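Chemist: So that you have it, the file is query.cif, and it contains mmCIF, C-alpha atoms; chains and numbers go by the auth columns:
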data_structure
loop_
_atom_site.group_PDB
_atom_site.id
_atom_site.type_symbol
_atom_site.label_atom_id
_atom_site.label_comp_id
_atom_site.label_asym_id
_atom_site.label_seq_id
_atom_site.Cartn_x
_atom_site.Cartn_y
_atom_site.Cartn_z
_atom_site.B_iso_or_equiv
_atom_site.auth_seq_id
_atom_site.auth_asym_id
ATOM 1 C CA MET A 1 -36.424 -55.028 -19.030 0.00 1 C
ATOM 2 C CA LEU A 2 -35.635 -57.566 -16.315 0.00 2 C
ATOM 3 C CA ARG A 3 -33.893 -54.884 -14.288 0.00 3 C
ATOM 4 C CA ALA A 4 -37.006 -52.656 -14.405 0.00 4 C
ATOM 5 C CA TYR A 5 -39.263 -55.535 -13.370 0.00 5 C
ATOM 6 C CA ARG A 6 -36.932 -56.419 -10.508 0.00 6 C
ATOM 7 C CA THR A 7 -37.005 -52.778 -9.359 0.00 7 C
ATOM 8 C CA ILE A 8 -40.819 -52.864 -9.343 0.00 8 C
ATOM 9 C CA CYS A 9 -40.744 -56.137 -7.381 0.00 9 C
ATOM 10 C CA THR A 10 -38.363 -54.594 -4.861 0.00 10 C
ATOM 11 C CA TRP A 11 -40.687 -51.617 -4.352 0.00 11 C
ATOM 12 C CA ILE A 12 -43.694 -53.897 -3.904 0.00 12 C
ATOM 13 C CA TYR A 13 -41.653 -55.908 -1.393 0.00 13 C
ATOM 14 C CA ARG A 14 -40.739 -52.764 0.572 0.00 14 C
ATOM 15 C CA ILE A 15 -44.366 -51.613 0.649 0.00 15 C
ATOM 16 C CA MET A 16 -45.498 -55.035 1.878 0.00 16 C
ATOM 17 C CA ILE A 17 -42.830 -55.011 4.601 0.00 17 C
ATOM 18 C CA ALA A 18 -44.135 -51.588 5.702 0.00 18 C
ATOM 19 C CA VAL A 19 -47.690 -52.981 5.742 0.00 19 C
ATOM 20 C CA CYS A 20 -46.489 -55.907 7.881 0.00 20 C
ATOM 21 C CA ILE A 21 -44.812 -53.517 10.319 0.00 21 C
ATOM 22 C CA MET A 22 -48.025 -51.491 10.621 0.00 22 C
ATOM 23 C CA LEU A 23 -50.049 -54.667 11.177 0.00 23 C
ATOM 24 C CA VAL A 24 -47.719 -55.781 13.980 0.00 24 C
ATOM 25 C CA ILE A 25 -47.956 -52.350 15.616 0.00 25 C
ATOM 26 C CA ILE A 26 -51.764 -52.422 15.430 0.00 26 C
ATOM 27 C CA MET A 27 -51.765 -55.981 16.788 0.00 27 C
ATOM 28 C CA ILE A 28 -49.544 -55.000 19.729 0.00 28 C
ATOM 29 C CA VAL A 29 -51.637 -51.918 20.534 0.00 29 C
ATOM 30 C CA ALA A 30 -54.895 -53.875 20.349 0.00 30 C
ATOM 31 C CA SER A 31 -53.499 -56.641 22.563 0.00 31 C
ATOM 32 C CA GLY A 32 -52.124 -54.075 25.013 0.00 32 C
ATOM 33 C CA LEU A 33 -55.502 -52.346 25.191 0.00 33 C
ATOM 34 C CA GLN A 34 -57.143 -55.703 25.848 0.00 34 C
ATOM 35 C CA VAL A 35 -54.802 -56.449 28.751 0.00 35 C
ATOM 36 C CA PHE A 36 -55.116 -52.900 30.128 0.00 36 C
ATOM 37 C CA SER A 37 -58.894 -52.893 29.967 0.00 37 C
ATOM 38 C CA ARG A 38 -59.187 -56.353 31.488 0.00 38 C
ATOM 39 C CA TYR A 39 -56.856 -55.884 34.461 0.00 39 C
ATOM 40 C CA VAL A 40 -57.029 -52.147 35.124 0.00 40 C
ATOM 41 C CA LEU A 41 -60.556 -51.200 34.105 0.00 41 C
ATOM 42 C CA ASN A 42 -62.103 -54.599 34.929 0.00 42 C
ATOM 43 C CA SER A 43 -63.971 -54.402 31.645 0.00 43 C
ATOM 44 C CA THR A 44 -62.904 -55.442 28.168 0.00 44 C
ATOM 45 C CA PHE A 45 -63.239 -53.779 24.808 0.00 45 C
ATOM 46 C CA SER A 46 -65.214 -55.981 22.459 0.00 46 C
ATOM 47 C CA TRP A 47 -63.168 -55.241 19.345 0.00 47 C
ATOM 48 C CA THR A 48 -59.531 -55.650 20.457 0.00 48 C
ATOM 49 C CA ASP A 49 -59.352 -59.449 20.294 0.00 49 C
ATOM 50 C CA GLU A 50 -60.902 -59.565 16.838 0.00 50 C
ATOM 51 C CA CYS A 51 -58.690 -56.736 15.587 0.00 51 C
ATOM 52 C CA ALA A 52 -55.532 -58.469 16.829 0.00 52 C
ATOM 53 C CA ARG A 53 -56.655 -61.769 15.279 0.00 53 C
ATOM 54 C CA TYR A 54 -57.318 -60.224 11.851 0.00 54 C
ATOM 55 C CA CYS A 55 -54.053 -58.287 11.940 0.00 55 C
ATOM 56 C CA PHE A 56 -52.248 -61.527 12.788 0.00 56 C
ATOM 57 C CA LEU A 57 -53.892 -63.297 9.855 0.00 57 C
ATOM 58 C CA TRP A 58 -53.016 -60.516 7.397 0.00 58 C
ATOM 59 C CA PHE A 59 -49.476 -60.245 8.795 0.00 59 C
ATOM 60 C CA ASN A 60 -48.862 -63.949 8.316 0.00 60 C
ATOM 61 C CA LEU A 61 -50.211 -64.084 4.775 0.00 61 C
ATOM 62 C CA ILE A 62 -48.564 -60.870 3.553 0.00 62 C
ATOM 63 C CA GLY A 63 -45.358 -61.917 5.329 0.00 63 C
ATOM 64 C CA SER A 64 -45.500 -65.254 3.507 0.00 64 C
ATOM 65 C CA GLY A 65 -45.561 -63.368 0.222 0.00 65 C
ATOM 66 C CA CYS A 66 -42.527 -61.394 1.336 0.00 66 C
ATOM 67 C CA LEU A 67 -40.740 -64.649 2.172 0.00 67 C
ATOM 68 C CA VAL A 68 -41.291 -65.834 -1.391 0.00 68 C
ATOM 69 C CA LYS A 69 -39.500 -62.712 -2.653 0.00 69 C
ATOM 70 C CA SER A 70 -36.598 -63.058 -0.228 0.00 70 C
ATOM 71 C CA ARG A 71 -36.434 -66.846 -0.714 0.00 71 C
ATOM 72 C CA GLY A 72 -36.869 -67.234 3.021 0.00 72 C
ATOM 73 C CA HIS A 73 -39.526 -69.928 2.791 0.00 73 C
ATOM 74 C CA ALA A 74 -38.798 -73.497 3.819 0.00 74 C
ATOM 75 C CA ILE A 75 -37.048 -75.624 1.217 0.00 75 C
ATOM 76 C CA VAL A 76 -35.888 -79.218 1.018 0.00 76 C
ATOM 77 C CA ASP A 77 -32.355 -79.262 -0.327 0.00 77 C
ATOM 78 C CA LEU A 78 -31.891 -82.953 -1.012 0.00 78 C
ATOM 79 C CA PHE A 79 -31.233 -82.729 -4.735 0.00 79 C
ATOM 80 C CA SER A 80 -30.323 -79.184 -5.704 0.00 80 C
ATOM 81 C CA GLY A 81 -26.966 -79.261 -3.914 0.00 81 C
ATOM 82 C CA ARG A 82 -25.871 -82.209 -6.036 0.00 82 C
ATOM 83 C CA LEU A 83 -27.092 -80.832 -9.354 0.00 83 C
ATOM 84 C CA LYS A 84 -24.923 -78.771 -11.698 0.00 84 C
ATOM 85 C CA GLY A 85 -25.485 -76.749 -14.869 0.00 85 C
ATOM 86 C CA ASN A 86 -28.652 -77.276 -16.884 0.00 86 C
ATOM 87 C CA ALA A 87 -29.967 -79.970 -14.551 0.00 87 C
ATOM 88 C CA LYS A 88 -29.938 -77.476 -11.684 0.00 88 C
ATOM 89 C CA ARG A 89 -31.663 -74.845 -13.854 0.00 89 C
ATOM 90 C CA VAL A 90 -34.394 -77.296 -14.873 0.00 90 C
ATOM 91 C CA TYR A 91 -34.862 -78.382 -11.257 0.00 91 C
ATOM 92 C CA ASN A 92 -35.103 -74.767 -10.041 0.00 92 C
ATOM 93 C CA LEU A 93 -37.464 -73.915 -12.900 0.00 93 C
ATOM 94 C CA ALA A 94 -39.752 -76.816 -11.932 0.00 94 C
ATOM 95 C CA ILE A 95 -39.786 -75.673 -8.295 0.00 95 C
ATOM 96 C CA HIS A 96 -40.625 -72.088 -9.258 0.00 96 C
ATOM 97 C CA LEU A 97 -43.350 -73.242 -11.658 0.00 97 C
ATOM 98 C CA LEU A 98 -44.957 -75.255 -8.850 0.00 98 C
ATOM 99 C CA ILE A 99 -44.847 -72.241 -6.535 0.00 99 C
ATOM 100 C CA PHE A 100 -46.299 -70.123 -9.374 0.00 100 C
ATOM 101 C CA TYR A 101 -49.140 -72.636 -9.713 0.00 101 C
ATOM 102 C CA MET A 102 -49.838 -72.334 -5.977 0.00 102 C
ATOM 103 C CA GLY A 103 -50.056 -68.568 -6.458 0.00 103 C
ATOM 104 C CA ILE A 104 -52.680 -69.081 -9.170 0.00 104 C
ATOM 105 C CA ILE A 105 -54.699 -71.342 -6.868 0.00 105 C
ATOM 106 C CA LEU A 106 -54.497 -68.889 -3.948 0.00 106 C
ATOM 107 C CA ALA A 107 -55.471 -65.922 -6.122 0.00 107 C
ATOM 108 C CA LYS A 108 -58.323 -67.709 -7.912 0.00 108 C
ATOM 109 C CA TYR A 109 -59.932 -69.410 -4.942 0.00 109 C
ATOM 110 C CA GLY A 110 -59.135 -66.519 -2.597 0.00 110 C
ATOM 111 C CA VAL A 111 -61.182 -64.193 -4.799 0.00 111 C
ATOM 112 C CA ALA A 112 -63.989 -66.772 -4.894 0.00 112 C
ATOM 113 C CA LEU A 113 -63.920 -67.054 -1.084 0.00 113 C
ATOM 114 C CA CYS A 114 -64.011 -63.271 -0.730 0.00 114 C
ATOM 115 C CA LYS A 115 -67.044 -63.033 -3.009 0.00 115 C
ATOM 116 C CA VAL A 116 -68.928 -65.722 -1.078 0.00 116 C
ATOM 117 C CA THR A 117 -68.198 -64.231 2.358 0.00 117 C
ATOM 118 C CA MET A 118 -68.535 -60.521 1.530 0.00 118 C
ATOM 119 C CA ARG A 119 -72.087 -60.344 2.941 0.00 119 C
ATOM 120 C CA GLN A 120 -71.117 -61.875 6.284 0.00 120 C
ATOM 121 C CA THR A 121 -69.878 -59.478 8.945 0.00 121 C
ATOM 122 C CA SER A 122 -67.533 -59.987 11.839 0.00 122 C
ATOM 123 C CA THR A 123 -68.976 -59.945 15.326 0.00 123 C
ATOM 124 C CA ALA A 124 -67.216 -57.007 16.971 0.00 124 C
ATOM 125 C CA LEU A 125 -65.766 -54.874 14.169 0.00 125 C
ATOM 126 C CA LYS A 126 -68.686 -55.370 11.764 0.00 126 C
ATOM 127 C CA LEU A 127 -66.228 -55.812 8.878 0.00 127 C
ATOM 128 C CA PRO A 128 -67.239 -57.891 5.879 0.00 128 C
ATOM 129 C CA ILE A 129 -65.570 -61.280 6.306 0.00 129 C
ATOM 130 C CA GLY A 130 -64.628 -61.083 2.636 0.00 130 C
ATOM 131 C CA LEU A 131 -62.220 -58.279 3.537 0.00 131 C
ATOM 132 C CA VAL A 132 -60.649 -60.459 6.200 0.00 132 C
ATOM 133 C CA TYR A 133 -60.128 -63.223 3.650 0.00 133 C
ATOM 134 C CA GLY A 134 -58.810 -60.645 1.166 0.00 134 C
ATOM 135 C CA ALA A 135 -55.294 -61.499 2.288 0.00 135 C
ATOM 136 C CA LEU A 136 -55.510 -64.822 0.421 0.00 136 C
ATOM 137 C CA PRO A 137 -55.773 -63.403 -3.111 0.00 137 C
ATOM 138 C CA ILE A 138 -53.218 -60.735 -2.222 0.00 138 C
ATOM 139 C CA LEU A 139 -50.832 -63.504 -1.168 0.00 139 C
ATOM 140 C CA GLY A 140 -51.543 -65.303 -4.442 0.00 140 C
ATOM 141 C CA ILE A 141 -50.838 -62.172 -6.477 0.00 141 C
ATOM 142 C CA LEU A 142 -47.622 -61.505 -4.560 0.00 142 C
ATOM 143 C CA ILE A 143 -46.476 -65.065 -5.228 0.00 143 C
ATOM 144 C CA LEU A 144 -47.262 -64.653 -8.927 0.00 144 C
ATOM 145 C CA ILE A 145 -45.352 -61.365 -9.155 0.00 145 C
ATOM 146 C CA TYR A 146 -42.284 -62.710 -7.377 0.00 146 C
ATOM 147 C CA GLU A 147 -42.268 -66.049 -9.174 0.00 147 C
ATOM 148 C CA VAL A 148 -42.415 -64.320 -12.570 0.00 148 C
ATOM 149 C CA GLU A 149 -39.242 -62.541 -11.471 0.00 149 C
ATOM 150 C CA ALA A 150 -37.596 -65.802 -10.386 0.00 150 C
ATOM 151 C CA ILE A 151 -38.574 -67.656 -13.570 0.00 151 C
ATOM 152 C CA TRP A 152 -37.427 -64.731 -15.696 0.00 152 C
ATOM 153 C CA CYS A 153 -34.063 -64.791 -13.910 0.00 153 C
ATOM 154 C CA ILE A 154 -33.705 -68.504 -14.663 0.00 154 C
ATOM 155 C CA PHE A 155 -34.414 -67.917 -18.347 0.00 155 C
ATOM 156 C CA ALA A 156 -31.951 -65.004 -18.291 0.00 156 C
ATOM 157 C CA GLY A 157 -29.220 -67.461 -17.340 0.00 157 C
ATOM 158 C CA TYR A 158 -29.209 -67.371 -13.564 0.00 158 C
ATOM 159 C CA SER A 159 -29.369 -70.934 -12.262 0.00 159 C
ATOM 160 C CA ASP A 160 -31.029 -70.206 -8.921 0.00 160 C
ATOM 161 C CA GLY A 161 -33.763 -67.748 -9.915 0.00 161 C
ATOM 162 C CA LYS A 162 -32.383 -65.095 -7.560 0.00 162 C
ATOM 163 C CA GLY A 163 -30.511 -63.161 -10.203 0.00 163 C
ATOM 164 C CA GLU A 164 -27.186 -64.425 -8.910 0.00 164 C
ATOM 165 C CA ILE A 165 -24.950 -66.820 -10.774 0.00 165 C
#
What would you get if you wrote out this structure as structure tokens?
Modeler:
Amino acid sequence: MLRAYRTICTWIYRIMIAVCIMLVIIMIVASGLQVFSRYVLNSTFSWTDECARYCFLWFNLIGSGCLVKSRGHAIVDLFSGRLKGNAKRVYNLAIHLLIFYMGIILAKYGVALCKVTMRQTSTALKLPIGLVYGALPILGILILIYEVEAIWCIFAGYSDGKGEI
């Protein structure tokens, strides 16, 4: 069962990496169009700056979720290097439960923020601002999915939550 869940998490991770790559490409194209139109055409497109900004926001938040999966986020390793056995498992479990709680907060209040701002529109693209803020609950859900995997691995006997002994 854990193996199947980990496979699903890996596929979600790969899809999110592909989304991040597309967002970076869109951001680069929009920024390039902005520079081209400003210096070559002596006129700017009204939407390119806003598009690049929203792509940057989504890239950062979705990329943060991917970092949770790959354990690439910043950590403070003052205690865990000195701990052994069950103490290390309890410590890692506490850390993952705190990260899980942050995922709940991001998902819950991200959805609330999206609902409140859905009627507002962006200046140039005329997108609902709630869609722009939609990256927050997605980040929260990604954190929840990946932290369930990490916590499950700890309960399965892996001390670090990565599925490696």
Chemist: Determine the nearest neighbour of Ala135 of chain C from the options C:Met102, C:Val90, C:Thr121, C:Ser64, counting only C-alpha atoms.
Modeler: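 The answer is C:Ser64, which sits nearest to Ala135 of chain C.
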Chemist: Might you pull out every residue within 12 Å of Asp77 of chain C, with all atoms listed in the file counted and same-chain residues fewer than 3 positions away left off, and present them as a PyMOL selection string?
Modeler: chain C and resi 74+80-83+88+91-92+95
Chemist: What gap, in Å, lies between atom CA of Leu106 of chain C and atom CA of Ile154 of chain C?
Modeler: 23.4 Å
Chemist: Using the chain letters and numbers from the file, which residues does the PyMOL selection byres ((chain C and resi 140-152) around 9) grab, as a ChimeraX atom specification?
Modeler: /C:2,5-6,9,12-13,62,64-66,68-69,92-93,96-97,99-108,110,135-139,153-158,160-163
Chemist: Which residues, named as in the file, does the PyMOL selection byres ((chain C and resi 52) around 10) pick out? Answer as a PDB file with C-alpha atoms, in the frame of the given file.
Modeler:
ATOM      1  CA  LEU C  23     -50.049 -54.667  11.177  1.00  0.00           C
ATOM      2  CA  VAL C  24     -47.719 -55.781  13.980  1.00  0.00           C
ATOM      3  CA  ILE C  25     -47.956 -52.350  15.616  1.00  0.00           C
ATOM      4  CA  ILE C  26     -51.764 -52.422  15.430  1.00  0.00           C
ATOM      5  CA  MET C  27     -51.765 -55.981  16.788  1.00  0.00           C
ATOM      6  CA  ILE C  28     -49.544 -55.000  19.729  1.00  0.00           C
ATOM      7  CA  VAL C  29     -51.637 -51.918  20.534  1.00  0.00           C
ATOM      8  CA  ALA C  30     -54.895 -53.875  20.349  1.00  0.00           C
ATOM      9  CA  SER C  31     -53.499 -56.641  22.563  1.00  0.00           C
ATOM     10  CA  GLY C  32     -52.124 -54.075  25.013  1.00  0.00           C
ATOM     11  CA  GLN C  34     -57.143 -55.703  25.848  1.00  0.00           C
ATOM     12  CA  TRP C  47     -63.168 -55.241  19.345  1.00  0.00           C
ATOM     13  CA  THR C  48     -59.531 -55.650  20.457  1.00  0.00           C
ATOM     14  CA  ASP C  49     -59.352 -59.449  20.294  1.00  0.00           C
ATOM     15  CA  GLU C  50     -60.902 -59.565  16.838  1.00  0.00           C
ATOM     16  CA  CYS C  51     -58.690 -56.736  15.587  1.00  0.00           C
ATOM     17  CA  ARG C  53     -56.655 -61.769  15.279  1.00  0.00           C
ATOM     18  CA  TYR C  54     -57.318 -60.224  11.851  1.00  0.00           C
ATOM     19  CA  CYS C  55     -54.053 -58.287  11.940  1.00  0.00           C
ATOM     20  CA  PHE C  56     -52.248 -61.527  12.788  1.00  0.00           C
ATOM     21  CA  LEU C  57     -53.892 -63.297   9.855  1.00  0.00           C
ATOM     22  CA  TRP C  58     -53.016 -60.516   7.397  1.00  0.00           C
TER      23      TRP C  58
END
Chemist: Quote the spacing between atom CA of Tyr109 of chain C and atom CA of Pro128 of chain C in Å to one decimal place.
Modeler: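 We find that atom CA of Tyr109 of chain C and atom CA of Pro128 of chain C lie 17.4 Å from each other.
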Chemist: If we draw a sphere of 9 Å around (-62.5, -65.2, 5.3), which residues have at least one atom in it when counting all atoms listed in the file? Please report them as a list in words.
Modeler: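 Applying the cut-off with all atoms listed in the file, one gets Gly110, Leu113, Cys114, Thr117, Met118, Pro128, Ile129, Gly130, Leu131, Val132, Tyr133, Gly134, Ala135 and Leu136 of chain C.
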Chemist: Adding 3 Å on each side of the box along x, y and z that holds all listed atoms of segment 26-40 of chain C, could you give its centre and edge lengths in Å to one decimal, as JSON?
Modeler:
{"center_x": -54.4, "center_y": -54.3, "center_z": 25.3, "size_x": 15.6, "size_y": 10.7, "size_z": 25.7}
Chemist: Using Å and a single decimal, report how far atom CA of Asn60 of chain C sits from atom CA of Met16 of chain C.
Modeler: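 These two atoms are separated by 11.5 Å.
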Chemist: Just segment 59-72 of chain C, please, as an mmCIF file, in the first residue's frame (only N, CA and C atoms).
Modeler:
data_model
loop_
_atom_site.group_PDB
_atom_site.id
_atom_site.type_symbol
_atom_site.label_atom_id
_atom_site.label_comp_id
_atom_site.auth_asym_id
_atom_site.auth_seq_id
_atom_site.Cartn_x
_atom_site.Cartn_y
_atom_site.Cartn_z
ATOM 1 N N PHE C 59 5.134 29.673 -9.858
ATOM 2 C CA PHE C 59 6.356 28.864 -9.912
ATOM 3 C C PHE C 59 6.957 28.696 -8.520
ATOM 4 N N ASN C 60 7.039 29.782 -7.778
ATOM 5 C CA ASN C 60 7.623 29.706 -6.445
ATOM 6 C C ASN C 60 6.798 28.838 -5.500
ATOM 7 N N LEU C 61 5.488 28.976 -5.535
ATOM 8 C CA LEU C 61 4.663 28.210 -4.606
ATOM 9 C C LEU C 61 4.577 26.737 -5.002
ATOM 10 N N ILE C 62 4.412 26.445 -6.274
ATOM 11 C CA ILE C 62 4.391 25.043 -6.712
ATOM 12 C C ILE C 62 5.781 24.427 -6.513
ATOM 13 N N GLY C 63 6.823 25.189 -6.801
ATOM 14 C CA GLY C 63 8.186 24.707 -6.575
ATOM 15 C C GLY C 63 8.462 24.431 -5.105
ATOM 16 N N SER C 64 7.870 25.225 -4.216
ATOM 17 C CA SER C 64 8.019 24.957 -2.783
ATOM 18 C C SER C 64 7.398 23.630 -2.407
ATOM 19 N N GLY C 65 6.260 23.312 -3.006
ATOM 20 C CA GLY C 65 5.646 22.003 -2.771
ATOM 21 C C GLY C 65 6.533 20.877 -3.261
ATOM 22 N N CYS C 66 7.170 21.085 -4.395
ATOM 23 C CA CYS C 66 8.093 20.071 -4.921
ATOM 24 C C CYS C 66 9.305 19.903 -4.003
ATOM 25 N N LEU C 67 9.756 20.982 -3.393
ATOM 26 C CA LEU C 67 10.876 20.890 -2.458
ATOM 27 C C LEU C 67 10.514 20.084 -1.216
ATOM 28 N N VAL C 68 9.259 20.142 -0.808
ATOM 29 C CA VAL C 68 8.831 19.326 0.330
ATOM 30 C C VAL C 68 8.956 17.845 -0.028
ATOM 31 N N LYS C 69 8.572 17.480 -1.238
ATOM 32 C CA LYS C 69 8.675 16.083 -1.670
ATOM 33 C C LYS C 69 10.131 15.630 -1.730
ATOM 34 N N SER C 70 10.988 16.463 -2.291
ATOM 35 C CA SER C 70 12.387 16.077 -2.475
ATOM 36 C C SER C 70 13.247 16.354 -1.251
ATOM 37 N N ARG C 71 12.615 16.867 -0.197
ATOM 38 C CA ARG C 71 13.317 17.224 1.049
ATOM 39 C C ARG C 71 14.425 18.238 0.774
ATOM 40 N N GLY C 72 14.149 19.146 -0.142
ATOM 41 C CA GLY C 72 15.122 20.162 -0.501
ATOM 42 C C GLY C 72 14.921 21.464 0.237
#
